[in-house]
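Source file my_file_4.txt; content: compact mmCIF, C-alpha atoms and all ligand atoms.
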# COMPACT_ATOMS: atom_id res chain seq x y z
CA MET A 22 15.50 85.07 -64.65
CA ALA A 23 13.34 82.01 -65.29
CA LEU A 24 15.48 79.82 -63.08
CA ASP A 25 15.33 82.47 -60.41
CA GLN A 26 11.52 82.50 -60.56
CA LEU A 27 11.36 78.69 -60.40
CA GLU A 28 13.68 78.71 -57.38
CA ARG A 29 11.58 81.38 -55.69
CA ALA A 30 8.44 79.35 -56.44
CA ALA A 31 10.01 76.20 -54.96
CA ARG A 32 11.01 78.09 -51.80
CA GLN A 33 7.47 79.38 -51.42
CA VAL A 34 5.95 75.93 -51.77
CA ALA A 35 8.53 74.41 -49.42
CA ALA A 36 7.77 77.06 -46.80
CA SER A 37 4.01 76.45 -46.96
CA GLY A 38 2.11 74.13 -44.66
CA THR A 39 -0.97 73.95 -46.86
CA VAL A 40 -0.96 74.73 -50.58
CA THR A 41 -4.28 75.22 -52.33
CA VAL A 42 -4.04 74.76 -56.09
CA LEU A 43 -6.25 76.44 -58.69
CA THR A 44 -5.92 75.16 -62.24
CA GLY A 45 -7.32 76.25 -65.58
CA ALA A 46 -7.38 75.10 -69.17
CA GLY A 47 -3.66 75.87 -69.65
CA ILE A 48 -2.58 72.80 -67.68
CA SER A 49 -4.34 70.53 -70.19
CA THR A 50 -3.10 72.08 -73.47
CA ASP A 51 -0.07 69.78 -73.44
CA SER A 52 -2.53 66.87 -73.27
CA GLY A 53 -4.02 68.05 -76.56
CA ILE A 54 -7.07 69.91 -75.19
CA PRO A 55 -7.08 73.51 -76.44
CA ASP A 56 -7.72 76.31 -73.94
CA PHE A 57 -10.08 79.23 -74.65
CA ARG A 58 -7.91 82.34 -74.47
CA GLY A 59 -4.31 81.22 -75.08
CA PRO A 60 -2.57 81.84 -78.45
CA ASN A 61 -4.13 78.65 -79.90
CA GLY A 62 -7.32 78.94 -77.86
CA VAL A 63 -10.76 78.04 -79.20
CA TRP A 64 -12.01 81.61 -78.72
CA THR A 65 -8.76 83.24 -79.85
CA LYS A 66 -9.15 81.43 -83.19
CA ASN A 67 -12.93 81.76 -83.40
CA PRO A 68 -14.38 84.51 -81.19
CA ALA A 69 -17.94 83.57 -82.30
CA ALA A 70 -17.54 80.20 -80.53
CA GLU A 71 -17.92 82.00 -77.20
CA ARG A 72 -21.66 82.37 -77.95
CA MET A 73 -22.07 78.64 -77.77
CA PHE A 74 -21.18 78.62 -74.11
CA THR A 75 -24.02 80.82 -72.88
CA LEU A 76 -26.91 79.03 -71.24
CA GLN A 77 -29.48 81.30 -72.90
CA THR A 78 -28.28 80.43 -76.41
CA TYR A 79 -28.23 76.74 -75.55
CA LEU A 80 -31.83 76.91 -74.30
CA THR A 81 -33.16 78.75 -77.32
CA ASP A 82 -31.18 77.46 -80.31
CA PRO A 83 -31.88 73.81 -81.30
CA GLU A 84 -29.23 73.82 -84.06
CA LEU A 85 -26.62 74.99 -81.56
CA ARG A 86 -27.62 72.17 -79.21
CA ARG A 87 -27.22 69.61 -81.99
CA ARG A 88 -23.78 71.03 -82.79
CA SER A 89 -22.89 70.97 -79.08
CA TRP A 90 -23.71 67.25 -78.93
CA ARG A 91 -21.60 66.54 -82.03
CA ASP A 92 -18.72 68.52 -80.48
CA ARG A 93 -19.07 66.64 -77.17
CA ALA A 94 -18.94 63.32 -79.00
CA GLU A 95 -15.66 64.37 -80.63
CA HIS A 96 -14.14 66.15 -77.63
CA ALA A 97 -10.39 65.76 -77.20
CA ALA A 98 -10.96 64.81 -73.54
CA TRP A 99 -12.08 61.27 -74.51
CA THR A 100 -8.60 60.35 -75.73
CA ALA A 101 -6.42 62.81 -73.79
CA GLN A 102 -3.94 61.56 -71.20
CA PRO A 103 -2.67 63.52 -68.19
CA ASN A 104 0.67 65.24 -68.73
CA SER A 105 3.64 65.91 -66.45
CA GLY A 106 1.94 69.07 -65.09
CA HIS A 107 -1.05 67.05 -63.82
CA ARG A 108 1.27 64.36 -62.44
CA ALA A 109 3.40 66.90 -60.53
CA LEU A 110 0.26 68.06 -58.70
CA VAL A 111 -0.42 64.44 -57.70
CA GLU A 112 3.09 64.34 -56.19
CA LEU A 113 2.37 67.56 -54.34
CA GLU A 114 -0.82 66.06 -52.89
CA ARG A 115 1.05 62.91 -51.83
CA SER A 116 3.67 65.04 -50.07
CA ALA A 117 0.81 66.08 -47.74
CA ARG A 118 1.38 69.75 -48.54
CA MET A 119 -1.70 70.19 -50.68
CA GLY A 120 -5.06 70.98 -49.10
CA ALA A 121 -7.29 70.85 -52.17
CA LEU A 122 -7.09 71.23 -55.92
CA VAL A 123 -9.73 73.58 -57.27
CA THR A 124 -10.06 73.27 -61.03
CA GLN A 125 -11.98 75.14 -63.69
CA ASN A 126 -11.32 72.24 -66.01
CA ILE A 127 -14.05 69.87 -67.06
CA ASP A 128 -11.83 67.22 -68.63
CA GLY A 129 -11.26 64.92 -65.62
CA LEU A 130 -7.50 64.76 -66.24
CA HIS A 131 -6.53 65.60 -62.64
CA GLN A 132 -8.53 62.60 -61.42
CA ALA A 133 -7.13 60.45 -64.24
CA ALA A 134 -3.62 61.41 -63.09
CA GLY A 135 -4.44 60.37 -59.51
CA SER A 136 -5.40 63.60 -57.73
CA GLY A 137 -7.93 62.85 -54.98
CA ARG A 138 -9.08 66.14 -53.53
CA VAL A 139 -10.42 67.81 -56.68
CA ILE A 140 -13.10 70.50 -56.55
CA GLU A 141 -14.58 70.99 -60.04
CA VAL A 142 -15.99 74.52 -59.87
CA HIS A 143 -17.13 74.48 -63.51
CA GLY A 144 -18.49 70.94 -63.42
CA THR A 145 -17.54 67.99 -65.58
CA LEU A 146 -17.85 66.84 -69.15
CA HIS A 147 -18.10 63.26 -67.91
CA ALA A 148 -21.76 63.64 -66.91
CA ALA A 149 -24.90 64.99 -68.56
CA GLN A 150 -27.56 66.81 -66.58
CA CYS A 151 -31.20 67.64 -67.24
CA LEU A 152 -31.80 71.39 -67.19
CA SER A 153 -35.39 70.80 -65.97
CA CYS A 154 -35.33 68.04 -63.33
CA GLY A 155 -31.58 67.96 -62.59
CA ALA A 156 -31.21 64.19 -63.21
CA ARG A 157 -27.64 63.21 -64.04
CA SER A 158 -26.35 60.37 -66.19
CA PRO A 159 -22.92 59.33 -67.45
CA MET A 160 -21.98 61.34 -70.55
CA GLN A 161 -21.06 58.21 -72.50
CA VAL A 162 -24.61 56.86 -72.06
CA VAL A 163 -26.07 60.03 -73.60
CA LEU A 164 -23.42 60.17 -76.33
CA ALA A 165 -24.39 56.61 -77.30
CA ARG A 166 -27.92 57.93 -77.90
CA VAL A 167 -26.49 60.73 -80.07
CA THR A 168 -24.50 58.20 -82.10
CA ALA A 169 -27.61 56.02 -82.40
CA GLY A 170 -29.51 58.84 -84.10
CA GLU A 171 -30.86 61.27 -81.46
CA PRO A 172 -29.15 64.56 -82.39
CA ASP A 173 -30.49 66.43 -79.29
CA PRO A 174 -31.47 63.68 -76.82
CA PRO A 175 -34.09 64.72 -74.23
CA CYS A 176 -34.09 63.67 -70.56
CA GLU A 177 -35.54 60.15 -70.31
CA LEU A 178 -37.25 61.01 -67.01
CA CYS A 179 -38.99 64.31 -67.79
CA GLY A 180 -38.33 65.16 -71.44
CA GLY A 181 -36.29 68.26 -70.51
CA LEU A 182 -33.18 69.52 -72.29
CA LEU A 183 -29.94 67.74 -71.49
CA LYS A 184 -26.56 69.45 -71.34
CA SER A 185 -23.11 68.46 -70.17
CA ALA A 186 -22.85 68.95 -66.39
CA THR A 187 -20.58 71.93 -66.98
CA VAL A 188 -21.16 75.55 -66.03
CA SER A 189 -21.91 77.75 -69.05
CA PHE A 190 -21.82 81.53 -69.01
CA GLY A 191 -25.10 82.70 -67.49
CA GLN A 192 -25.38 79.54 -65.39
CA ALA A 193 -24.91 79.61 -61.61
CA LEU A 194 -22.12 77.67 -59.93
CA ASP A 195 -23.20 74.86 -57.63
CA PRO A 196 -23.34 76.72 -54.25
CA GLN A 197 -21.98 73.75 -52.28
CA VAL A 198 -19.04 73.32 -54.66
CA TRP A 199 -18.34 77.04 -54.61
CA ARG A 200 -18.37 77.11 -50.79
CA ALA A 201 -15.83 74.27 -50.80
CA ALA A 202 -13.61 76.24 -53.20
CA VAL A 203 -13.78 79.38 -51.05
CA SER A 204 -12.98 77.35 -47.92
CA ALA A 205 -10.00 75.79 -49.70
CA ALA A 206 -8.73 79.23 -50.77
CA ARG A 207 -9.05 80.46 -47.18
CA ALA A 208 -7.41 77.38 -45.69
CA GLY A 209 -4.16 77.52 -47.65
CA ASP A 210 -1.13 79.60 -46.80
CA LEU A 211 -0.25 79.55 -50.48
CA LEU A 212 -2.53 79.66 -53.52
CA LEU A 213 -0.79 78.16 -56.55
CA VAL A 214 -2.58 79.10 -59.78
CA ALA A 215 -1.58 77.05 -62.82
CA GLY A 216 -2.81 77.63 -66.37
CA SER A 217 -5.58 80.16 -65.96
CA SER A 218 -6.03 83.54 -67.62
CA LEU A 219 -7.89 84.51 -64.41
CA GLN A 220 -10.48 86.31 -66.50
CA VAL A 221 -13.49 84.26 -65.43
CA GLN A 222 -15.35 85.36 -62.30
CA PRO A 223 -16.11 84.43 -59.63
CA VAL A 224 -13.33 81.83 -59.83
CA ALA A 225 -10.56 84.40 -60.34
CA SER A 226 -11.68 86.12 -57.12
CA LEU A 227 -10.34 83.11 -55.20
CA CYS A 228 -7.01 84.93 -55.52
CA ASP A 229 -8.48 87.84 -53.53
CA VAL A 230 -10.01 85.42 -51.02
CA ALA A 231 -6.67 83.67 -50.48
CA VAL A 232 -4.60 86.84 -50.22
CA GLY A 233 -7.25 88.42 -47.99
CA SER A 234 -6.86 85.44 -45.66
CA GLY A 235 -3.12 85.96 -45.45
CA ALA A 236 -2.00 83.48 -48.12
CA ARG A 237 0.75 84.09 -50.62
CA LEU A 238 -0.03 83.89 -54.32
CA LEU A 239 2.06 82.00 -56.90
CA ILE A 240 0.94 82.23 -60.52
CA MET A 241 2.22 79.88 -63.23
CA ASN A 242 0.90 81.01 -66.61
CA ALA A 243 2.46 81.72 -70.00
CA GLU A 244 0.62 85.02 -70.39
CA ALA A 245 -0.03 87.96 -68.07
CA THR A 246 -3.13 87.80 -65.86
CA PRO A 247 -5.04 90.57 -64.05
CA TYR A 248 -3.76 89.11 -60.75
CA ASP A 249 -0.01 89.17 -61.51
CA ALA A 250 0.44 92.38 -59.51
CA LEU A 251 -1.03 90.64 -56.44
CA ALA A 252 1.27 87.63 -56.82
CA ASP A 253 4.47 87.12 -54.85
CA VAL A 254 5.96 85.06 -57.68
CA VAL A 255 4.96 84.72 -61.34
CA VAL A 256 6.37 81.86 -63.43
CA ARG A 257 6.02 81.99 -67.22
CA GLU A 258 7.51 78.58 -68.05
CA PRO A 259 5.41 75.89 -69.82
CA LEU A 260 3.18 73.98 -67.43
CA ALA A 261 4.50 70.60 -68.51
CA GLU A 262 7.84 71.83 -67.08
CA ALA A 263 7.28 74.34 -64.27
CA PRO A 264 5.18 72.27 -61.81
CA PRO A 265 7.45 69.18 -62.16
CA ALA A 266 10.54 71.36 -61.64
CA VAL A 267 9.09 73.12 -58.60
CA VAL A 268 7.57 70.03 -56.97
CA GLY A 269 10.72 67.99 -57.67
CA SER A 270 12.84 70.68 -56.05
CA VAL A 271 10.51 70.82 -53.01
CA LEU A 272 10.52 67.04 -52.53
CA ALA A 273 14.34 66.99 -52.80
CA ARG A 274 14.47 69.30 -49.74
CA ASP A 275 12.36 66.96 -47.56
P1 LIG B 301 -8.19 80.31 -70.49
O1 LIG B 301 -8.32 79.67 -71.83
O2 LIG B 301 -8.92 81.58 -70.25
O3 LIG B 301 -6.65 80.60 -70.17
C1 LIG B 301 -5.67 79.62 -70.26
C2 LIG B 301 -4.32 80.26 -69.95
O4 LIG B 301 -3.34 79.23 -69.90
C3 LIG B 301 -3.88 81.26 -71.00
O5 LIG B 301 -3.53 82.49 -70.37
C4 LIG B 301 -2.66 80.62 -71.66
O6 LIG B 301 -1.65 81.54 -72.01
C5 LIG B 301 -2.17 79.67 -70.59
N1 LIG B 301 -1.52 78.47 -71.11
C6 LIG B 301 -2.01 77.62 -72.06
N2 LIG B 301 -1.19 76.57 -72.22
C7 LIG B 301 -0.13 76.78 -71.38
C8 LIG B 301 1.05 76.05 -71.10
N3 LIG B 301 1.30 74.88 -71.71
N4 LIG B 301 1.92 76.55 -70.20
C9 LIG B 301 1.67 77.74 -69.56
N5 LIG B 301 0.55 78.46 -69.77
C10 LIG B 301 -0.34 77.99 -70.68
O7 LIG B 301 -8.57 79.19 -69.40
P2 LIG B 301 -9.23 79.36 -67.98
O8 LIG B 301 -8.64 80.49 -67.23
O9 LIG B 301 -9.29 78.02 -67.36
O10 LIG B 301 -10.67 79.82 -68.46
C11 LIG B 301 -11.70 79.44 -67.91
C12 LIG B 301 -12.57 78.41 -68.68
O11 LIG B 301 -12.02 77.58 -69.67
C13 LIG B 301 -13.02 77.49 -67.63
O12 LIG B 301 -14.37 77.72 -67.43
C14 LIG B 301 -12.83 76.08 -68.15
O13 LIG B 301 -13.94 75.29 -67.84
C15 LIG B 301 -12.71 76.29 -69.60
N6 LIG B 301 -11.96 75.31 -70.37
C16 LIG B 301 -11.60 74.11 -69.85
C17 LIG B 301 -10.87 73.21 -70.61
C18 LIG B 301 -10.47 71.89 -70.02
O14 LIG B 301 -11.20 71.32 -69.20
N7 LIG B 301 -9.31 71.35 -70.39
C19 LIG B 301 -10.51 73.55 -71.92
C20 LIG B 301 -10.93 74.79 -72.42
C21 LIG B 301 -11.64 75.66 -71.63

Can the structure in the file be given as structure tokens, please?
Amino acid sequence: MALDQLERAARQVAASGTVTVLTGAGISTDSGIPDFRGPNGVWTKNPAAERMFTLQTYLTDPELRRRSWRDRAEHAAWTAQPNSGHRALVELERSARMGALVTQNIDGLHQAAGSGRVIEVHGTLHAAQCLSCGARSPMQVVLARVTAGEPDPPCELCGGLLKSATVSFGQALDPQVWRAAVSAARAGDLLLVAGSSLQVQPVASLCDVAVGSGARLLIMNAEATPYDALADVVVREPLAEAPPAVVGSVLARD
């Protein structure tokens, strides 16, 4: 069954001129970064943690902001290395089949692996941004201030609140980045989703956009998603194994 699904997935990728990829937290769990909703997810283990990710709470709760900065300083992303799932997507890009890689991840591991055409729809942990004036600075510069004794460092330009340049619940997506993601979903003749529960909107709706534009849908995820019924193929194998197996099989046909 599993082999059959992997073979069907490889045939789909091989038959596609342009593959658009959409990744989620699941592709980075094998790099040691927990997801939110998987069996060992941050929110599965501690549902109250979800509160921390709303913009409104961040704006109004100074203690939560201080905890957020401590958590950012200790985030697993600072030591994590890309895994074989990330690397397989680099191979796919180099095979000239991939149009763009849209990711919900904020960890920078696709870029660290060597992916070039990455669209970060939920922003990045590698930068901090002022919620008042919009000024951005490298996250490590702000984390150095936290370590030096500023538990909730303000913007040095305007005194506003700083936050990681990531999209929290209640915070709008960057319209330009979102337009690029929609264009990428429309441009592909296959949308390959890897490691997303597809429960976060509007990102999950990229599946509808792709299928509505005539693309096929291939979902690689350990657990069921609301879009499985729309998919042509669903692969449940671990993401450190399925993308390398599928991409390897596709490249062997070239
Ligand atoms: P999610 O936590 O909602 O879902 C992850 C899915 O991946 C789950 O269904 C889980 O079963 C599956 N999964 C986990 N490890 C897997 C593996 N090794 N093999 C196969 N499947 C596996 O994640 P999402 O859909 O990306 O949710 C959206 C939000 O999570 C995004 O906004 C994203 O910014 C945020 N997030 C990002 C990171 C990161 O950057 N690494 C980490 C945690 C959360």

How close does chain A get to ligand LIG 301 (chain B)? List, as JSON lines, each residue of chain A within 7 Å, its nearest atom pair and the distance in Å to one decimal, counting all atoms listed in the file.
{"residue": "A:Thr44", "atom": "CA", "partner": "B:LIG301", "partner_atom": "O9", "distance": 6.8}
{"residue": "A:Gly45", "atom": "CA", "partner": "B:LIG301", "partner_atom": "O9", "distance": 3.2}
{"residue": "A:Ala46", "atom": "CA", "partner": "B:LIG301", "partner_atom": "O9", "distance": 3.9}
{"residue": "A:Gly47", "atom": "CA", "partner": "B:LIG301", "partner_atom": "O4", "distance": 3.4}
{"residue": "A:Ile48", "atom": "CA", "partner": "B:LIG301", "partner_atom": "C8", "distance": 6.0}
{"residue": "A:Ser49", "atom": "CA", "partner": "B:LIG301", "partner_atom": "N7", "distance": 5.0}
{"residue": "A:Thr50", "atom": "CA", "partner": "B:LIG301", "partner_atom": "N2", "distance": 5.0}
{"residue": "A:Asp51", "atom": "CA", "partner": "B:LIG301", "partner_atom": "N3", "distance": 5.6}
{"residue": "A:Ile54", "atom": "CA", "partner": "B:LIG301", "partner_atom": "N7", "distance": 5.5}
{"residue": "A:Pro55", "atom": "CA", "partner": "B:LIG301", "partner_atom": "C19", "distance": 5.7}
{"residue": "A:Asp56", "atom": "CA", "partner": "B:LIG301", "partner_atom": "C20", "distance": 3.9}
{"residue": "A:Phe57", "atom": "CA", "partner": "B:LIG301", "partner_atom": "O1", "distance": 3.4}
{"residue": "A:Arg58", "atom": "CA", "partner": "B:LIG301", "partner_atom": "O1", "distance": 3.8}
{"residue": "A:Gly59", "atom": "CA", "partner": "B:LIG301", "partner_atom": "C4", "distance": 3.8}
{"residue": "A:Pro60", "atom": "CA", "partner": "B:LIG301", "partner_atom": "O6", "distance": 6.5}
{"residue": "A:Gly62", "atom": "CA", "partner": "B:LIG301", "partner_atom": "O1", "distance": 6.2}
{"residue": "A:Gln125", "atom": "CA", "partner": "B:LIG301", "partner_atom": "O13", "distance": 4.6}
{"residue": "A:Asn126", "atom": "CA", "partner": "B:LIG301", "partner_atom": "O14", "distance": 3.3}
{"residue": "A:Ile127", "atom": "CA", "partner": "B:LIG301", "partner_atom": "O14", "distance": 3.8}
{"residue": "A:Asp128", "atom": "CA", "partner": "B:LIG301", "partner_atom": "O14", "distance": 4.2}
{"residue": "A:His143", "atom": "CA", "partner": "B:LIG301", "partner_atom": "O13", "distance": 5.4}
{"residue": "A:Gly216", "atom": "CA", "partner": "B:LIG301", "partner_atom": "O4", "distance": 3.9}
{"residue": "A:Ser217", "atom": "CA", "partner": "B:LIG301", "partner_atom": "O8", "distance": 3.3}
{"residue": "A:Ser218", "atom": "CA", "partner": "B:LIG301", "partner_atom": "O5", "distance": 3.9}
{"residue": "A:Leu219", "atom": "CA", "partner": "B:LIG301", "partner_atom": "O8", "distance": 5.0}
{"residue": "A:Gln220", "atom": "CA", "partner": "B:LIG301", "partner_atom": "O8", "distance": 6.1}
{"residue": "A:Val221", "atom": "CA", "partner": "B:LIG301", "partner_atom": "C11", "distance": 5.7}
{"residue": "A:Met241", "atom": "CA", "partner": "B:LIG301", "partner_atom": "C9", "distance": 6.7}
{"residue": "A:Asn242", "atom": "CA", "partner": "B:LIG301", "partner_atom": "N5", "distance": 4.1}
{"residue": "A:Ala243", "atom": "CA", "partner": "B:LIG301", "partner_atom": "N5", "distance": 3.8}
{"residue": "A:Glu244", "atom": "CA", "partner": "B:LIG301", "partner_atom": "O6", "distance": 4.5}
{"residue": "A:Ala245", "atom": "CA", "partner": "B:LIG301", "partner_atom": "O5", "distance": 6.9}
{"residue": "A:Thr246", "atom": "CA", "partner": "B:LIG301", "partner_atom": "O5", "distance": 7.0}
{"residue": "A:Arg257", "atom": "CA", "partner": "B:LIG301", "partner_atom": "C9", "distance": 6.5}
{"residue": "A:Glu258", "atom": "CA", "partner": "B:LIG301", "partner_atom": "C9", "distance": 6.1}
{"residue": "A:Pro259", "atom": "CA", "partner": "B:LIG301", "partner_atom": "N4", "distance": 3.6}
{"residue": "A:Leu260", "atom": "CA", "partner": "B:LIG301", "partner_atom": "N4", "distance": 4.0}
{"residue": "A:Ala261", "atom": "CA", "partner": "B:LIG301", "partner_atom": "N3", "distance": 6.2}

Using CA of Gln150 (chain A) and CA of Gly135 (chain A) as the two end points, give the distance in Å to one decimal.
25.0 Å

Restricting the calculation to all atoms listed in the file, which member of A:Leu239, A:Leu85, A:Ala202, A:Ala101 is positioned closest to Glu141 (chain A)?
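For Glu141 (chain A), the nearest of the candidates is A:Ala202.
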
Could you list, as a PyMOL selection string, every residue within 12 Å of region 205-210 of chain A, counting all atoms listed in the file and ignoring same-chain residues fewer than 5 positions away?
chain A and resi 33-43+118-124+138-140+142+198-200+224-239

May I have the selected residues written with C-alpha atoms, as a CSV table (one decimal), keeping the file's coordinate frame?
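Generated output (again-v3.csv):
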chain,number,residue,atom,x,y,z
A,33,GLN,CA,7.5,79.4,-51.4
A,34,VAL,CA,6.0,75.9,-51.8
A,35,ALA,CA,8.5,74.4,-49.4
A,36,ALA,CA,7.8,77.1,-46.8
A,37,SER,CA,4.0,76.4,-47.0
A,38,GLY,CA,2.1,74.1,-44.7
A,39,THR,CA,-1.0,74.0,-46.9
A,40,VAL,CA,-1.0,74.7,-50.6
A,41,THR,CA,-4.3,75.2,-52.3
A,42,VAL,CA,-4.0,74.8,-56.1
A,43,LEU,CA,-6.2,76.4,-58.7
A,118,ARG,CA,1.4,69.8,-48.5
A,119,MET,CA,-1.7,70.2,-50.7
A,120,GLY,CA,-5.1,71.0,-49.1
A,121,ALA,CA,-7.3,70.8,-52.2
A,122,LEU,CA,-7.1,71.2,-55.9
A,123,VAL,CA,-9.7,73.6,-57.3
A,124,THR,CA,-10.1,73.3,-61.0
A,138,ARG,CA,-9.1,66.1,-53.5
A,139,VAL,CA,-10.4,67.8,-56.7
A,140,ILE,CA,-13.1,70.5,-56.6
A,142,VAL,CA,-16.0,74.5,-59.9
A,198,VAL,CA,-19.0,73.3,-54.7
A,199,TRP,CA,-18.3,77.0,-54.6
A,200,ARG,CA,-18.4,77.1,-50.8
A,224,VAL,CA,-13.3,81.8,-59.8
A,225,ALA,CA,-10.6,84.4,-60.3
A,226,SER,CA,-11.7,86.1,-57.1
A,227,LEU,CA,-10.3,83.1,-55.2
A,228,CYS,CA,-7.0,84.9,-55.5
A,229,ASP,CA,-8.5,87.8,-53.5
A,230,VAL,CA,-10.0,85.4,-51.0
A,231,ALA,CA,-6.7,83.7,-50.5
A,232,VAL,CA,-4.6,86.8,-50.2
A,233,GLY,CA,-7.2,88.4,-48.0
A,234,SER,CA,-6.9,85.4,-45.7
A,235,GLY,CA,-3.1,86.0,-45.4
A,236,ALA,CA,-2.0,83.5,-48.1
A,237,ARG,CA,0.8,84.1,-50.6
A,238,LEU,CA,0.0,83.9,-54.3
A,239,LEU,CA,2.1,82.0,-56.9

Interatomic distance, CA of Glu71 (chain A) to CA of Ala94 (chain A) (Å, one decimal)
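CA of Glu71 (chain A) sits 18.8 Å away from CA of Ala94 (chain A).
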
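Minimum distance to His147 (chain A) across A:Leu182, A:Ala70, A:Met160, A:Leu194 (counting all atoms listed in the file) occurs at A:Met160.
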
Per residue of region 127-200 of chain A within 7 Å of region 105-114 of chain A, what are the shortest atom pair and its distance in Å to one decimal, counting all atoms listed in the file, with rows by chain and residue number, as JSON lines?
{"residue": "A:His131", "atom": "CA", "partner": "A:His107", "partner_atom": "CA", "distance": 5.8}
{"residue": "A:Ala134", "atom": "CA", "partner": "A:Arg108", "partner_atom": "CA", "distance": 5.7}
{"residue": "A:Gly135", "atom": "CA", "partner": "A:Val111", "partner_atom": "CA", "distance": 6.0}
{"residue": "A:Ser136", "atom": "CA", "partner": "A:Val111", "partner_atom": "CA", "distance": 5.1}

Point-to-point distance in Å for CA of Leu178 (chain A) and CA of Ser153 (chain A)
10.0 Å

With distances taken over all atoms listed in the file, which of A:Pro247, A:Glu95, A:Leu213, A:Pro68 is nearest to Ala263 (chain A)?
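Selected residue with least distance to Ala263 (chain A): A:Leu213.
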
Here is a test: counting only C-alpha atoms, which residue of A:Thr168, A:Gln197, A:Gln161, A:Ser116 is nearest to Leu272 (chain A)?
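Going through A:Thr168, A:Gln197, A:Gln161, A:Ser116 one by one, the smallest distance to Leu272 (chain A) is for A:Ser116.
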
Of the candidates A:Thr81, A:Pro175, A:Ile240, A:Ala31, which one gets nearest to Val255 (chain A) if we count all atoms listed in the file?
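Comparing A:Thr81, A:Pro175, A:Ile240, A:Ala31 against Val255 (chain A), the winner is A:Ile240.
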
Using only the atoms of region 168-181 of chain A listed in the file, plus 4 Å on each side, state the axis-aligned box centre and edge lengths in Å rounded to one decimal, as lines of an AutoDock Vina configuration file.
center_x = -31.7
center_y = 62.1
center_z = -75.6
size_x = 22.5
size_y = 20.2
size_z = 25.1

Under the rule that all atoms listed in the file are counted, which of A:Leu251, A:Cys151, A:Val203, A:Leu211 is the nearest residue to Ala30 (chain A)?
A:Leu211

Residues within 12 Å of (-28.5, 75.2, -80.7), file coords, all atoms listed in the file, listed as a ChimeraX atom specification:
/A:72-92,172-173,182-184

Output region 205-216 of chain A with N, CA, C and O atoms present, as a compact mmCIF listing (two decimals), keeping the file's coordinate frame.
# COMPACT_ATOMS: atom_id res chain seq x y z
N ALA A 205 -11.35 76.25 -49.34
CA ALA A 205 -10.00 75.79 -49.70
C ALA A 205 -9.07 76.98 -49.90
O ALA A 205 -7.92 76.96 -49.45
N ALA A 206 -9.57 78.03 -50.55
CA ALA A 206 -8.73 79.23 -50.77
C ALA A 206 -8.36 79.88 -49.44
O ALA A 206 -7.24 80.37 -49.26
N ARG A 207 -9.31 79.86 -48.49
CA ARG A 207 -9.05 80.46 -47.18
C ARG A 207 -8.09 79.61 -46.35
O ARG A 207 -7.33 80.12 -45.53
N ALA A 208 -8.16 78.29 -46.55
CA ALA A 208 -7.41 77.38 -45.69
C ALA A 208 -5.92 77.32 -46.02
O ALA A 208 -5.10 76.96 -45.18
N GLY A 209 -5.55 77.66 -47.26
CA GLY A 209 -4.16 77.52 -47.65
C GLY A 209 -3.30 78.68 -47.18
O GLY A 209 -3.81 79.80 -47.00
N ASP A 210 -2.00 78.42 -46.98
CA ASP A 210 -1.13 79.60 -46.80
C ASP A 210 -0.41 79.95 -48.08
O ASP A 210 0.37 80.90 -48.13
N LEU A 211 -0.70 79.18 -49.14
CA LEU A 211 -0.25 79.55 -50.48
C LEU A 211 -1.33 79.14 -51.47
O LEU A 211 -1.86 78.02 -51.39
N LEU A 212 -1.67 80.04 -52.41
CA LEU A 212 -2.53 79.66 -53.52
C LEU A 212 -1.66 79.58 -54.76
O LEU A 212 -1.04 80.57 -55.16
N LEU A 213 -1.58 78.38 -55.33
CA LEU A 213 -0.79 78.16 -56.55
C LEU A 213 -1.76 78.09 -57.72
O LEU A 213 -2.57 77.17 -57.80
N VAL A 214 -1.70 79.08 -58.60
CA VAL A 214 -2.58 79.10 -59.78
C VAL A 214 -1.78 78.58 -60.96
O VAL A 214 -0.68 79.06 -61.22
N ALA A 215 -2.31 77.61 -61.68
CA ALA A 215 -1.58 77.05 -62.82
C ALA A 215 -2.48 76.98 -64.05
O ALA A 215 -3.49 76.28 -64.06
N GLY A 216 -2.14 77.76 -65.08
CA GLY A 216 -2.81 77.63 -66.37
C GLY A 216 -4.17 78.28 -66.47
O GLY A 216 -5.05 77.76 -67.15
